>>> print(open('my_file.pdb').read())   # PDB, C-alpha atoms and all ligand atoms
ATOM      1  CA  MET A   1     -17.249  37.047  -5.104  1.00  0.00           C
ATOM      2  CA  LYS A   2     -14.439  34.734  -6.006  1.00  0.00           C
ATOM      3  CA  PHE A   3     -10.745  35.077  -5.717  1.00  0.00           C
ATOM      4  CA  GLU A   4      -9.365  36.317  -8.975  1.00  0.00           C
ATOM      5  CA  LEU A   5      -6.158  34.926 -10.255  1.00  0.00           C
ATOM      6  CA  ASN A   6      -4.204  36.928 -12.739  1.00  0.00           C
ATOM      7  CA  ASN A   7      -1.360  34.848 -14.129  1.00  0.00           C
ATOM      8  CA  PHE A   8      -1.528  32.987 -10.839  1.00  0.00           C
ATOM      9  CA  GLU A   9      -1.146  36.206  -8.899  1.00  0.00           C
ATOM     10  CA  LEU A  10      -3.920  36.754  -6.471  1.00  0.00           C
ATOM     11  CA  THR A  11      -5.683  40.054  -6.667  1.00  0.00           C
ATOM     12  CA  GLY A  12      -8.163  39.071  -3.981  1.00  0.00           C
ATOM     13  CA  ARG A  13      -7.398  39.164  -0.305  1.00  0.00           C
ATOM     14  CA  LEU A  14      -6.312  35.582   0.188  1.00  0.00           C
ATOM     15  CA  ARG A  15      -2.841  35.863   1.662  1.00  0.00           C
ATOM     16  CA  ALA A  16      -1.995  32.619   3.408  1.00  0.00           C
ATOM     17  CA  VAL A  17      -2.643  28.904   3.607  1.00  0.00           C
ATOM     18  CA  LEU A  18      -2.477  27.450   7.103  1.00  0.00           C
ATOM     19  CA  PHE A  19      -1.373  23.821   7.072  1.00  0.00           C
ATOM     20  CA  ASP A  20      -1.849  21.182   9.695  1.00  0.00           C
ATOM     21  CA  MET A  21       1.107  18.787   9.663  1.00  0.00           C
ATOM     22  CA  ASP A  22       0.380  15.141  10.613  1.00  0.00           C
ATOM     23  CA  GLY A  23      -1.877  13.525   8.025  1.00  0.00           C
ATOM     24  CA  VAL A  24      -1.588  16.569   5.749  1.00  0.00           C
ATOM     25  CA  LEU A  25       2.105  17.182   5.039  1.00  0.00           C
ATOM     26  CA  PHE A  26       3.481  13.954   6.513  1.00  0.00           C
ATOM     27  CA  ASP A  27       2.006  10.486   6.157  1.00  0.00           C
ATOM     28  CA  SER A  28       2.445   9.901   9.859  1.00  0.00           C
ATOM     29  CA  MET A  29      -1.028   8.922  11.012  1.00  0.00           C
ATOM     30  CA  PRO A  30      -0.739   5.149  10.406  1.00  0.00           C
ATOM     31  CA  ASN A  31       2.290   5.135  12.733  1.00  0.00           C
ATOM     32  CA  HIS A  32       0.478   7.224  15.346  1.00  0.00           C
ATOM     33  CA  ALA A  33      -2.568   4.947  15.154  1.00  0.00           C
ATOM     34  CA  TYR A  34      -0.433   1.834  15.579  1.00  0.00           C
ATOM     35  CA  ALA A  35       1.615   3.300  18.426  1.00  0.00           C
ATOM     36  CA  TRP A  36      -1.407   4.611  20.345  1.00  0.00           C
ATOM     37  CA  SER A  37      -3.466   1.442  20.053  1.00  0.00           C
ATOM     38  CA  HIS A  38      -0.560  -0.817  21.079  1.00  0.00           C
ATOM     39  CA  ALA A  39       0.628   1.388  23.928  1.00  0.00           C
ATOM     40  CA  MET A  40      -2.914   1.595  25.317  1.00  0.00           C
ATOM     41  CA  THR A  41      -3.317  -2.200  25.189  1.00  0.00           C
ATOM     42  CA  ASP A  42      -0.236  -2.595  27.392  1.00  0.00           C
ATOM     43  CA  PHE A  43      -2.035  -0.563  30.055  1.00  0.00           C
ATOM     44  CA  GLY A  44      -5.360  -2.381  29.775  1.00  0.00           C
ATOM     45  CA  LEU A  45      -6.972   0.317  27.654  1.00  0.00           C
ATOM     46  CA  LYS A  46      -8.473  -0.425  24.277  1.00  0.00           C
ATOM     47  CA  MET A  47      -8.116   2.092  21.498  1.00  0.00           C
ATOM     48  CA  LYS A  48      -8.998   1.091  17.965  1.00  0.00           C
ATOM     49  CA  PRO A  49      -7.026   2.795  15.192  1.00  0.00           C
ATOM     50  CA  GLU A  50     -10.177   4.607  14.035  1.00  0.00           C
ATOM     51  CA  GLU A  51     -10.536   6.179  17.459  1.00  0.00           C
ATOM     52  CA  VAL A  52      -6.978   7.468  17.158  1.00  0.00           C
ATOM     53  CA  TYR A  53      -8.057   9.266  13.979  1.00  0.00           C
ATOM     54  CA  MET A  54     -11.166  10.646  15.713  1.00  0.00           C
ATOM     55  CA  ASN A  55      -9.003  12.054  18.520  1.00  0.00           C
ATOM     56  CA  GLU A  56      -6.176  13.247  16.311  1.00  0.00           C
ATOM     57  CA  GLY A  57      -4.976  16.649  17.431  1.00  0.00           C
ATOM     58  CA  ARG A  58      -5.934  16.198  21.065  1.00  0.00           C
ATOM     59  CA  THR A  59      -3.079  16.378  23.573  1.00  0.00           C
ATOM     60  CA  GLY A  60      -1.641  13.059  24.756  1.00  0.00           C
ATOM     61  CA  SER A  61      -3.053  13.425  28.263  1.00  0.00           C
ATOM     62  CA  GLY A  62      -6.435  14.473  26.854  1.00  0.00           C
ATOM     63  CA  THR A  63      -6.612  11.280  24.826  1.00  0.00           C
ATOM     64  CA  ILE A  64      -5.481   9.118  27.745  1.00  0.00           C
ATOM     65  CA  SER A  65      -8.090  10.759  30.032  1.00  0.00           C
ATOM     66  CA  ILE A  66     -10.928   9.760  27.728  1.00  0.00           C
ATOM     67  CA  LEU A  67      -9.822   6.111  27.711  1.00  0.00           C
ATOM     68  CA  ALA A  68      -9.131   6.081  31.471  1.00  0.00           C
ATOM     69  CA  GLN A  69     -12.655   7.358  32.167  1.00  0.00           C
ATOM     70  CA  ARG A  70     -14.117   4.670  29.970  1.00  0.00           C
ATOM     71  CA  TYR A  71     -12.137   1.667  31.184  1.00  0.00           C
ATOM     72  CA  TRP A  72     -11.078   2.655  34.695  1.00  0.00           C
ATOM     73  CA  GLY A  73     -14.022   4.902  35.539  1.00  0.00           C
ATOM     74  CA  ARG A  74     -11.678   7.609  36.802  1.00  0.00           C
ATOM     75  CA  GLU A  75      -9.175  10.230  35.708  1.00  0.00           C
ATOM     76  CA  ALA A  76      -5.686   9.052  34.817  1.00  0.00           C
ATOM     77  CA  THR A  77      -3.081  10.414  37.209  1.00  0.00           C
ATOM     78  CA  GLU A  78      -0.340  12.602  35.873  1.00  0.00           C
ATOM     79  CA  GLU A  79       2.120   9.745  36.372  1.00  0.00           C
ATOM     80  CA  GLU A  80      -0.068   7.308  34.433  1.00  0.00           C
ATOM     81  CA  CYS A  81      -0.426   9.826  31.614  1.00  0.00           C
ATOM     82  CA  GLN A  82       3.330  10.234  31.492  1.00  0.00           C
ATOM     83  CA  ARG A  83       4.001   6.481  31.443  1.00  0.00           C
ATOM     84  CA  ILE A  84       1.452   5.778  28.722  1.00  0.00           C
ATOM     85  CA  TYR A  85       2.555   8.731  26.614  1.00  0.00           C
ATOM     86  CA  GLU A  86       6.175   7.681  26.989  1.00  0.00           C
ATOM     87  CA  ALA A  87       5.327   4.135  25.884  1.00  0.00           C
ATOM     88  CA  LYS A  88       3.455   5.510  22.895  1.00  0.00           C
ATOM     89  CA  SER A  89       6.312   7.850  21.962  1.00  0.00           C
ATOM     90  CA  GLN A  90       8.893   5.076  22.289  1.00  0.00           C
ATOM     91  CA  LEU A  91       6.923   2.822  20.001  1.00  0.00           C
ATOM     92  CA  PHE A  92       6.314   5.669  17.540  1.00  0.00           C
ATOM     93  CA  ASN A  93       9.991   6.610  17.471  1.00  0.00           C
ATOM     94  CA  SER A  94      11.034   2.994  16.880  1.00  0.00           C
ATOM     95  CA  MET A  95       9.068   2.926  13.646  1.00  0.00           C
ATOM     96  CA  PRO A  96      10.457   4.080  10.286  1.00  0.00           C
ATOM     97  CA  GLU A  97      10.206   7.871   9.939  1.00  0.00           C
ATOM     98  CA  PRO A  98       7.019   8.762   8.050  1.00  0.00           C
ATOM     99  CA  GLY A  99       7.546  10.232   4.634  1.00  0.00           C
ATOM    100  CA  PRO A 100       5.868  13.266   3.096  1.00  0.00           C
ATOM    101  CA  MET A 101       2.214  12.865   2.123  1.00  0.00           C
ATOM    102  CA  ALA A 102       1.822  12.157  -1.593  1.00  0.00           C
ATOM    103  CA  GLY A 103       1.050  15.428  -3.346  1.00  0.00           C
ATOM    104  CA  ALA A 104       2.046  17.652  -0.408  1.00  0.00           C
ATOM    105  CA  LYS A 105       5.146  19.006  -2.117  1.00  0.00           C
ATOM    106  CA  GLU A 106       3.134  19.909  -5.228  1.00  0.00           C
ATOM    107  CA  VAL A 107       0.471  21.653  -3.143  1.00  0.00           C
ATOM    108  CA  LEU A 108       3.163  23.733  -1.438  1.00  0.00           C
ATOM    109  CA  GLU A 109       4.750  24.598  -4.773  1.00  0.00           C
ATOM    110  CA  ARG A 110       1.401  25.822  -6.097  1.00  0.00           C
ATOM    111  CA  VAL A 111       0.719  27.810  -2.949  1.00  0.00           C
ATOM    112  CA  LYS A 112       4.133  29.434  -3.223  1.00  0.00           C
ATOM    113  CA  ALA A 113       3.669  30.140  -6.943  1.00  0.00           C
ATOM    114  CA  SER A 114       0.334  31.801  -6.086  1.00  0.00           C
ATOM    115  CA  GLY A 115       2.267  34.209  -3.861  1.00  0.00           C
ATOM    116  CA  LEU A 116       0.699  32.958  -0.639  1.00  0.00           C
ATOM    117  CA  MET A 117       2.316  32.542   2.766  1.00  0.00           C
ATOM    118  CA  ARG A 118       2.682  29.016   4.145  1.00  0.00           C
ATOM    119  CA  VAL A 119       1.899  28.736   7.850  1.00  0.00           C
ATOM    120  CA  ILE A 120       2.214  25.584   9.979  1.00  0.00           C
ATOM    121  CA  VAL A 121      -0.346  25.015  12.731  1.00  0.00           C
ATOM    122  CA  THR A 122       0.389  21.766  14.541  1.00  0.00           C
ATOM    123  CA  GLY A 123      -0.210  20.312  17.982  1.00  0.00           C
ATOM    124  CA  SER A 124       3.109  18.546  17.707  1.00  0.00           C
ATOM    125  CA  GLY A 125       5.813  19.572  20.144  1.00  0.00           C
ATOM    126  CA  THR A 126       8.854  18.065  18.505  1.00  0.00           C
ATOM    127  CA  THR A 127      11.849  20.372  18.781  1.00  0.00           C
ATOM    128  CA  SER A 128      13.295  19.340  15.414  1.00  0.00           C
ATOM    129  CA  LEU A 129      10.098  20.207  13.539  1.00  0.00           C
ATOM    130  CA  LEU A 130      11.566  22.919  11.316  1.00  0.00           C
ATOM    131  CA  GLU A 131      14.511  20.710  10.339  1.00  0.00           C
ATOM    132  CA  ARG A 132      12.135  17.920   9.360  1.00  0.00           C
ATOM    133  CA  LEU A 133       9.976  20.307   7.349  1.00  0.00           C
ATOM    134  CA  GLU A 134      13.025  21.826   5.705  1.00  0.00           C
ATOM    135  CA  GLY A 135      14.308  18.348   4.820  1.00  0.00           C
ATOM    136  CA  ALA A 136      11.070  17.286   3.152  1.00  0.00           C
ATOM    137  CA  PHE A 137       9.968  20.671   1.761  1.00  0.00           C
ATOM    138  CA  PRO A 138      13.040  22.893   1.282  1.00  0.00           C
ATOM    139  CA  GLY A 139      12.394  26.625   1.316  1.00  0.00           C
ATOM    140  CA  MET A 140       8.696  26.339   2.103  1.00  0.00           C
ATOM    141  CA  PHE A 141       8.534  27.247   5.812  1.00  0.00           C
ATOM    142  CA  ARG A 142       9.983  29.718   8.286  1.00  0.00           C
ATOM    143  CA  ARG A 143      10.154  29.441  12.075  1.00  0.00           C
ATOM    144  CA  GLU A 144       8.254  32.733  12.509  1.00  0.00           C
ATOM    145  CA  LEU A 145       5.288  31.257  10.658  1.00  0.00           C
ATOM    146  CA  MET A 146       4.930  28.101  12.714  1.00  0.00           C
ATOM    147  CA  VAL A 147       2.559  27.377  15.577  1.00  0.00           C
ATOM    148  CA  THR A 148       3.485  24.304  17.631  1.00  0.00           C
ATOM    149  CA  ALA A 149       2.503  22.851  21.009  1.00  0.00           C
ATOM    150  CA  PHE A 150       4.944  25.315  22.600  1.00  0.00           C
ATOM    151  CA  ASP A 151       3.036  28.380  21.367  1.00  0.00           C
ATOM    152  CA  VAL A 152      -0.424  27.771  22.796  1.00  0.00           C
ATOM    153  CA  GLN A 153      -2.242  27.126  26.063  1.00  0.00           C
ATOM    154  CA  HIS A 154      -5.061  25.148  24.481  1.00  0.00           C
ATOM    155  CA  GLY A 155      -4.710  22.604  21.705  1.00  0.00           C
ATOM    156  CA  LYS A 156      -7.192  21.815  18.940  1.00  0.00           C
ATOM    157  CA  PRO A 157     -10.247  21.706  18.923  1.00  0.00           C
ATOM    158  CA  ASN A 158      -9.754  25.052  20.689  1.00  0.00           C
ATOM    159  CA  PRO A 159      -9.361  27.812  18.068  1.00  0.00           C
ATOM    160  CA  GLU A 160      -6.241  29.171  19.783  1.00  0.00           C
ATOM    161  CA  PRO A 161      -3.660  27.444  17.511  1.00  0.00           C
ATOM    162  CA  TYR A 162      -5.312  28.797  14.357  1.00  0.00           C
ATOM    163  CA  LEU A 163      -5.854  32.253  15.867  1.00  0.00           C
ATOM    164  CA  MET A 164      -2.160  32.229  16.756  1.00  0.00           C
ATOM    165  CA  GLY A 165      -1.345  31.269  13.157  1.00  0.00           C
ATOM    166  CA  LEU A 166      -3.305  34.285  11.879  1.00  0.00           C
ATOM    167  CA  LYS A 167      -1.546  36.495  14.400  1.00  0.00           C
ATOM    168  CA  LYS A 168       1.912  35.290  13.411  1.00  0.00           C
ATOM    169  CA  ALA A 169       1.092  35.899   9.731  1.00  0.00           C
ATOM    170  CA  ASN A 170      -0.443  39.265  10.688  1.00  0.00           C
ATOM    171  CA  ILE A 171      -3.650  38.577   8.769  1.00  0.00           C
ATOM    172  CA  SER A 172      -7.342  38.158   9.521  1.00  0.00           C
ATOM    173  CA  ALA A 173      -9.502  35.041   9.242  1.00  0.00           C
ATOM    174  CA  ASP A 174     -10.921  36.050   5.853  1.00  0.00           C
ATOM    175  CA  GLU A 175      -7.447  36.300   4.361  1.00  0.00           C
ATOM    176  CA  ALA A 176      -6.592  32.655   4.930  1.00  0.00           C
ATOM    177  CA  ILE A 177      -7.666  29.122   4.252  1.00  0.00           C
ATOM    178  CA  VAL A 178      -6.836  26.020   6.274  1.00  0.00           C
ATOM    179  CA  VAL A 179      -5.894  22.543   5.078  1.00  0.00           C
ATOM    180  CA  GLU A 180      -6.724  19.932   7.714  1.00  0.00           C
ATOM    181  CA  ASN A 181      -7.369  16.201   7.887  1.00  0.00           C
ATOM    182  CA  ALA A 182      -8.798  15.626  11.367  1.00  0.00           C
ATOM    183  CA  PRO A 183     -12.221  16.376  12.890  1.00  0.00           C
ATOM    184  CA  LEU A 184     -10.771  18.246  15.899  1.00  0.00           C
ATOM    185  CA  GLY A 185      -8.466  20.270  13.672  1.00  0.00           C
ATOM    186  CA  ILE A 186     -11.370  21.181  11.414  1.00  0.00           C
ATOM    187  CA  GLN A 187     -13.392  22.261  14.444  1.00  0.00           C
ATOM    188  CA  ALA A 188     -10.501  24.415  15.628  1.00  0.00           C
ATOM    189  CA  ALA A 189     -10.092  26.091  12.234  1.00  0.00           C
ATOM    190  CA  ARG A 190     -13.830  26.762  11.864  1.00  0.00           C
ATOM    191  CA  ALA A 191     -14.002  28.099  15.415  1.00  0.00           C
ATOM    192  CA  ALA A 192     -11.261  30.536  14.372  1.00  0.00           C
ATOM    193  CA  GLY A 193     -13.537  31.613  11.505  1.00  0.00           C
ATOM    194  CA  ILE A 194     -11.339  30.311   8.691  1.00  0.00           C
ATOM    195  CA  TYR A 195     -12.496  28.611   5.462  1.00  0.00           C
ATOM    196  CA  THR A 196     -11.408  24.993   5.872  1.00  0.00           C
ATOM    197  CA  ILE A 197     -10.477  22.449   3.236  1.00  0.00           C
ATOM    198  CA  ALA A 198     -10.409  18.901   4.582  1.00  0.00           C
ATOM    199  CA  VAL A 199      -8.241  16.340   2.847  1.00  0.00           C
ATOM    200  CA  ASN A 200      -9.479  12.879   3.715  1.00  0.00           C
ATOM    201  CA  THR A 201      -6.167  11.056   4.011  1.00  0.00           C
ATOM    202  CA  GLY A 202      -7.310   8.548   6.648  1.00  0.00           C
ATOM    203  CA  PRO A 203      -9.998   5.915   7.243  1.00  0.00           C
ATOM    204  CA  LEU A 204     -12.808   8.238   8.408  1.00  0.00           C
ATOM    205  CA  LYS A 205     -15.858   8.833   6.268  1.00  0.00           C
ATOM    206  CA  ASP A 206     -16.173  12.164   4.428  1.00  0.00           C
ATOM    207  CA  GLU A 207     -19.355  12.817   6.450  1.00  0.00           C
ATOM    208  CA  VAL A 208     -17.355  12.872   9.681  1.00  0.00           C
ATOM    209  CA  LEU A 209     -15.172  15.660   8.295  1.00  0.00           C
ATOM    210  CA  LYS A 210     -18.199  17.547   6.966  1.00  0.00           C
ATOM    211  CA  GLU A 211     -19.973  17.248  10.311  1.00  0.00           C
ATOM    212  CA  ALA A 212     -16.857  18.654  11.998  1.00  0.00           C
ATOM    213  CA  GLY A 213     -17.436  21.763   9.863  1.00  0.00           C
ATOM    214  CA  ALA A 214     -15.256  21.329   6.769  1.00  0.00           C
ATOM    215  CA  ASP A 215     -16.264  23.724   3.989  1.00  0.00           C
ATOM    216  CA  LEU A 216     -14.862  21.392   1.344  1.00  0.00           C
ATOM    217  CA  VAL A 217     -13.767  17.749   1.557  1.00  0.00           C
ATOM    218  CA  LEU A 218     -11.187  16.518  -0.960  1.00  0.00           C
ATOM    219  CA  PRO A 219      -9.903  12.944  -1.285  1.00  0.00           C
ATOM    220  CA  SER A 220      -6.167  13.640  -1.015  1.00  0.00           C
ATOM    221  CA  MET A 221      -3.357  16.164  -1.120  1.00  0.00           C
ATOM    222  CA  GLN A 222      -2.611  14.953  -4.645  1.00  0.00           C
ATOM    223  CA  TYR A 223      -6.155  15.907  -5.621  1.00  0.00           C
ATOM    224  CA  LEU A 224      -5.695  19.367  -4.119  1.00  0.00           C
ATOM    225  CA  ALA A 225      -2.417  19.737  -6.022  1.00  0.00           C
ATOM    226  CA  ASP A 226      -4.007  18.629  -9.298  1.00  0.00           C
ATOM    227  CA  HIS A 227      -7.024  20.941  -8.805  1.00  0.00           C
ATOM    228  CA  TRP A 228      -5.323  23.815  -7.009  1.00  0.00           C
ATOM    229  CA  HIS A 229      -6.339  26.619  -9.350  1.00  0.00           C
ATOM    230  CA  ASP A 230      -9.934  25.374  -9.695  1.00  0.00           C
ATOM    231  CA  THR A 231     -10.193  25.078  -5.953  1.00  0.00           C
ATOM    232  CA  ILE A 232      -8.979  28.622  -5.371  1.00  0.00           C
ATOM    233  CA  PHE A 233     -11.114  30.048  -8.189  1.00  0.00           C
ATOM    234  CA  ASN A 234     -14.188  28.397  -6.783  1.00  0.00           C
ATOM    235  CA  LEU A 235     -13.822  29.426  -3.200  1.00  0.00           C
ATOM    236  CA  PRO A 236     -17.030  31.056  -2.039  1.00  0.00           C
ATOM    237  CA  THR A 237     -17.061  34.548  -0.639  1.00  0.00           C
ATOM    238  CA  ILE A 238     -14.426  34.956   1.922  1.00  0.00           C
ATOM    239  CA  VAL A 239     -13.313  38.215   0.459  1.00  0.00           C
ATOM    240  CA  SER A 240     -15.658  41.193   0.643  1.00  0.00           C
TER     241      SER A 240
HETATM  242 CA    CA A 301      -3.612  16.257  11.352  1.00  0.00          CA
END
>>> encode(input="my_file.pdb", output="structure tokens")
Amino acid sequence: MKFELNNFELTGRLRAVLFDMDGVLFDSMPNHAYAWSHAMTDFGLKMKPEEVYMNEGRTGSGTISILAQRYWGREATEEECQRIYEAKSQLFNSMPEPGPMAGAKEVLERVKASGLMRVIVTGSGTTSLLERLEGAFPGMFRRELMVTAFDVQHGKPNPEPYLMGLKKANISADEAIVVENAPLGIQAARAAGIYTIAVNTGPLKDEVLKEAGADLVLPSMQYLADHWHDTIFNLPTIVS
């Protein structure tokens, strides 16, 4: 069965779209990739930009641990993690603020016009998140429907952030879809049992996103905006 749209009003059970933030709503990944790879180099660790994209969504210390194991053959201490993460954050914050992803505003407008809730599910822990979202996408998000680093014990690829998103929206997995760009985020969403649309906004191959479990891989947010109604009409059975 497909979702049925009646003058853009959903009569099916789809009730919400859960959005990842970096690389989906904001074009922030090039800055993150630059900041991570340069900060790591200063500490004798090598991280190519593509690896930043592969690890996108992991916590800072989780990412640093992987590199420390590889190059130092041991765990990074808490102090080392802090120093590296601070260096990365400093570099990131010194760069021009990333703008909205092309097409993101249009996607949100279509989601809103379809009568669906917009939920944020991000691993980011910035305190000014809502202000930034409100600045770029006025009237689209509410604090009650946001999951950030402060809300969960386990980050992506653990399903907890997406399960928390469902809980906050008071819906079940088959009443939502996810829009993600990163392999670990896709894994998290699928582990939460949610239909997942990947938008390939970075340098990874489509196959990588499919292998992570994406139900559908689209080339960009603009594409999703331009094909929103087709995409929703053609969703496979997630309503009973
Ligand atoms: Ca992301």
>>> resolve_selection(input="my_file.pdb", expression="the PyMOL selection byres (((chain A and resi 45) around 12) and not hetatm)", output="list in words")
Trp36, Ser37, His38, Ala39, Met40, Thr41, Asp42, Phe43, Gly44, Lys46, Met47, Lys48, Thr63, Ile64, Ser65, Ile66, Leu67, Ala68, Gln69, Arg70, Tyr71, Trp72, Gly73, Ala76, Glu80 and Ile84 of chain A
>>> write_last_selection(input="my_file.pdb", atoms="C-alpha atoms", output="short mmCIF file (atom, residue, chain, number, x, y, z; two decimals), in the coordinates of the input")
data_model
loop_
_atom_site.label_atom_id
_atom_site.label_comp_id
_atom_site.auth_asym_id
_atom_site.auth_seq_id
_atom_site.Cartn_x
_atom_site.Cartn_y
_atom_site.Cartn_z
CA TRP A 36 -1.41 4.61 20.34
CA SER A 37 -3.47 1.44 20.05
CA HIS A 38 -0.56 -0.82 21.08
CA ALA A 39 0.63 1.39 23.93
CA MET A 40 -2.91 1.60 25.32
CA THR A 41 -3.32 -2.20 25.19
CA ASP A 42 -0.24 -2.60 27.39
CA PHE A 43 -2.04 -0.56 30.06
CA GLY A 44 -5.36 -2.38 29.78
CA LYS A 46 -8.47 -0.42 24.28
CA MET A 47 -8.12 2.09 21.50
CA LYS A 48 -9.00 1.09 17.96
CA THR A 63 -6.61 11.28 24.83
CA ILE A 64 -5.48 9.12 27.74
CA SER A 65 -8.09 10.76 30.03
CA ILE A 66 -10.93 9.76 27.73
CA LEU A 67 -9.82 6.11 27.71
CA ALA A 68 -9.13 6.08 31.47
CA GLN A 69 -12.66 7.36 32.17
CA ARG A 70 -14.12 4.67 29.97
CA TYR A 71 -12.14 1.67 31.18
CA TRP A 72 -11.08 2.66 34.70
CA GLY A 73 -14.02 4.90 35.54
CA ALA A 76 -5.69 9.05 34.82
CA GLU A 80 -0.07 7.31 34.43
CA ILE A 84 1.45 5.78 28.72
#
>>> resolve_selection(input="my_file.pdb", expression="the PyMOL selection byres (((chain A and resi 155) around 12) and not hetatm)", output="ChimeraX atom specification")
/A:55-63,121-125,147-154,156-164,184-185,187-189
>>> resolve_selection(input="my_file.pdb", expression="the PyMOL selection byres (((not hetatm)) within 7 of (chain A and resi 301))", output="list of chain:residue names")
A:Asp20, A:Met21, A:Asp22, A:Gly23, A:Val24, A:Glu56, A:Gly57, A:Glu180, A:Asn181, A:Ala182, A:Gly185
>>> atom_distance(input="my_file.pdb", atom1="CA of Pro219 (chain A)", atom2="CA of Asn200 (chain A)")
5.0 Å
>>> atom_distance(input="my_file.pdb", atom1="CA of Val208 (chain A)", atom2="CA of Ala173 (chain A)")
23.5 Å
>>> atom_distance(input="my_file.pdb", atom1="CA of Asp174 (chain A)", atom2="CA of Ala198 (chain A)")
17.2 Å
>>> axis_aligned_box(input="my_file.pdb", around="region 145-160 of chain A", padding_each_side="8 Å", output="lines of an AutoDock Vina configuration file")
center_x = -2.5
center_y = 26.5
center_z = 18.4
size_x = 31.5
size_y = 25.6
size_z = 31.4
>>> closest_residue(input="my_file.pdb", among="A:Glu86, A:Val179, A:Pro203, A:Leu116", to="Val217 (chain A)", atoms="only C-alpha atoms")
A:Val179
>>> build_atoms(input="my_file.pdb", residues="region 103-114 of chain A", atoms="N, CA, C and O atoms", output="compact mmCIF listing (two decimals), in the coordinates of the input")
# COMPACT_ATOMS: atom_id res chain seq x y z
N GLY A 103 1.70 14.22 -2.84
CA GLY A 103 1.05 15.43 -3.35
C GLY A 103 1.32 16.67 -2.51
O GLY A 103 1.07 17.79 -2.96
N ALA A 104 1.85 16.50 -1.30
CA ALA A 104 2.05 17.65 -0.41
C ALA A 104 3.05 18.66 -1.00
O ALA A 104 2.83 19.87 -0.94
N LYS A 105 4.11 18.12 -1.56
CA LYS A 105 5.15 19.01 -2.12
C LYS A 105 4.55 19.84 -3.26
O LYS A 105 4.80 21.05 -3.35
N GLU A 106 3.76 19.18 -4.10
CA GLU A 106 3.13 19.91 -5.23
C GLU A 106 2.15 20.97 -4.73
O GLU A 106 2.10 22.07 -5.29
N VAL A 107 1.39 20.64 -3.69
CA VAL A 107 0.47 21.65 -3.14
C VAL A 107 1.27 22.86 -2.69
O VAL A 107 0.95 24.01 -3.04
N LEU A 108 2.36 22.62 -1.96
CA LEU A 108 3.16 23.73 -1.44
C LEU A 108 3.77 24.55 -2.58
O LEU A 108 3.82 25.78 -2.50
N GLU A 109 4.19 23.87 -3.63
CA GLU A 109 4.75 24.60 -4.77
C GLU A 109 3.70 25.51 -5.41
O GLU A 109 3.99 26.64 -5.79
N ARG A 110 2.47 25.00 -5.51
CA ARG A 110 1.40 25.82 -6.10
C ARG A 110 1.04 26.99 -5.20
O ARG A 110 0.78 28.10 -5.67
N VAL A 111 1.02 26.74 -3.91
CA VAL A 111 0.72 27.81 -2.95
C VAL A 111 1.78 28.90 -3.05
O VAL A 111 1.47 30.10 -3.10
N LYS A 112 3.02 28.48 -3.12
CA LYS A 112 4.13 29.43 -3.22
C LYS A 112 4.05 30.21 -4.53
O LYS A 112 4.20 31.44 -4.56
N ALA A 113 3.77 29.49 -5.63
CA ALA A 113 3.67 30.14 -6.94
C ALA A 113 2.51 31.12 -6.98
O ALA A 113 2.51 32.08 -7.75
N SER A 114 1.47 30.88 -6.15
CA SER A 114 0.33 31.80 -6.09
C SER A 114 0.64 33.01 -5.21
O SER A 114 -0.22 33.86 -4.99
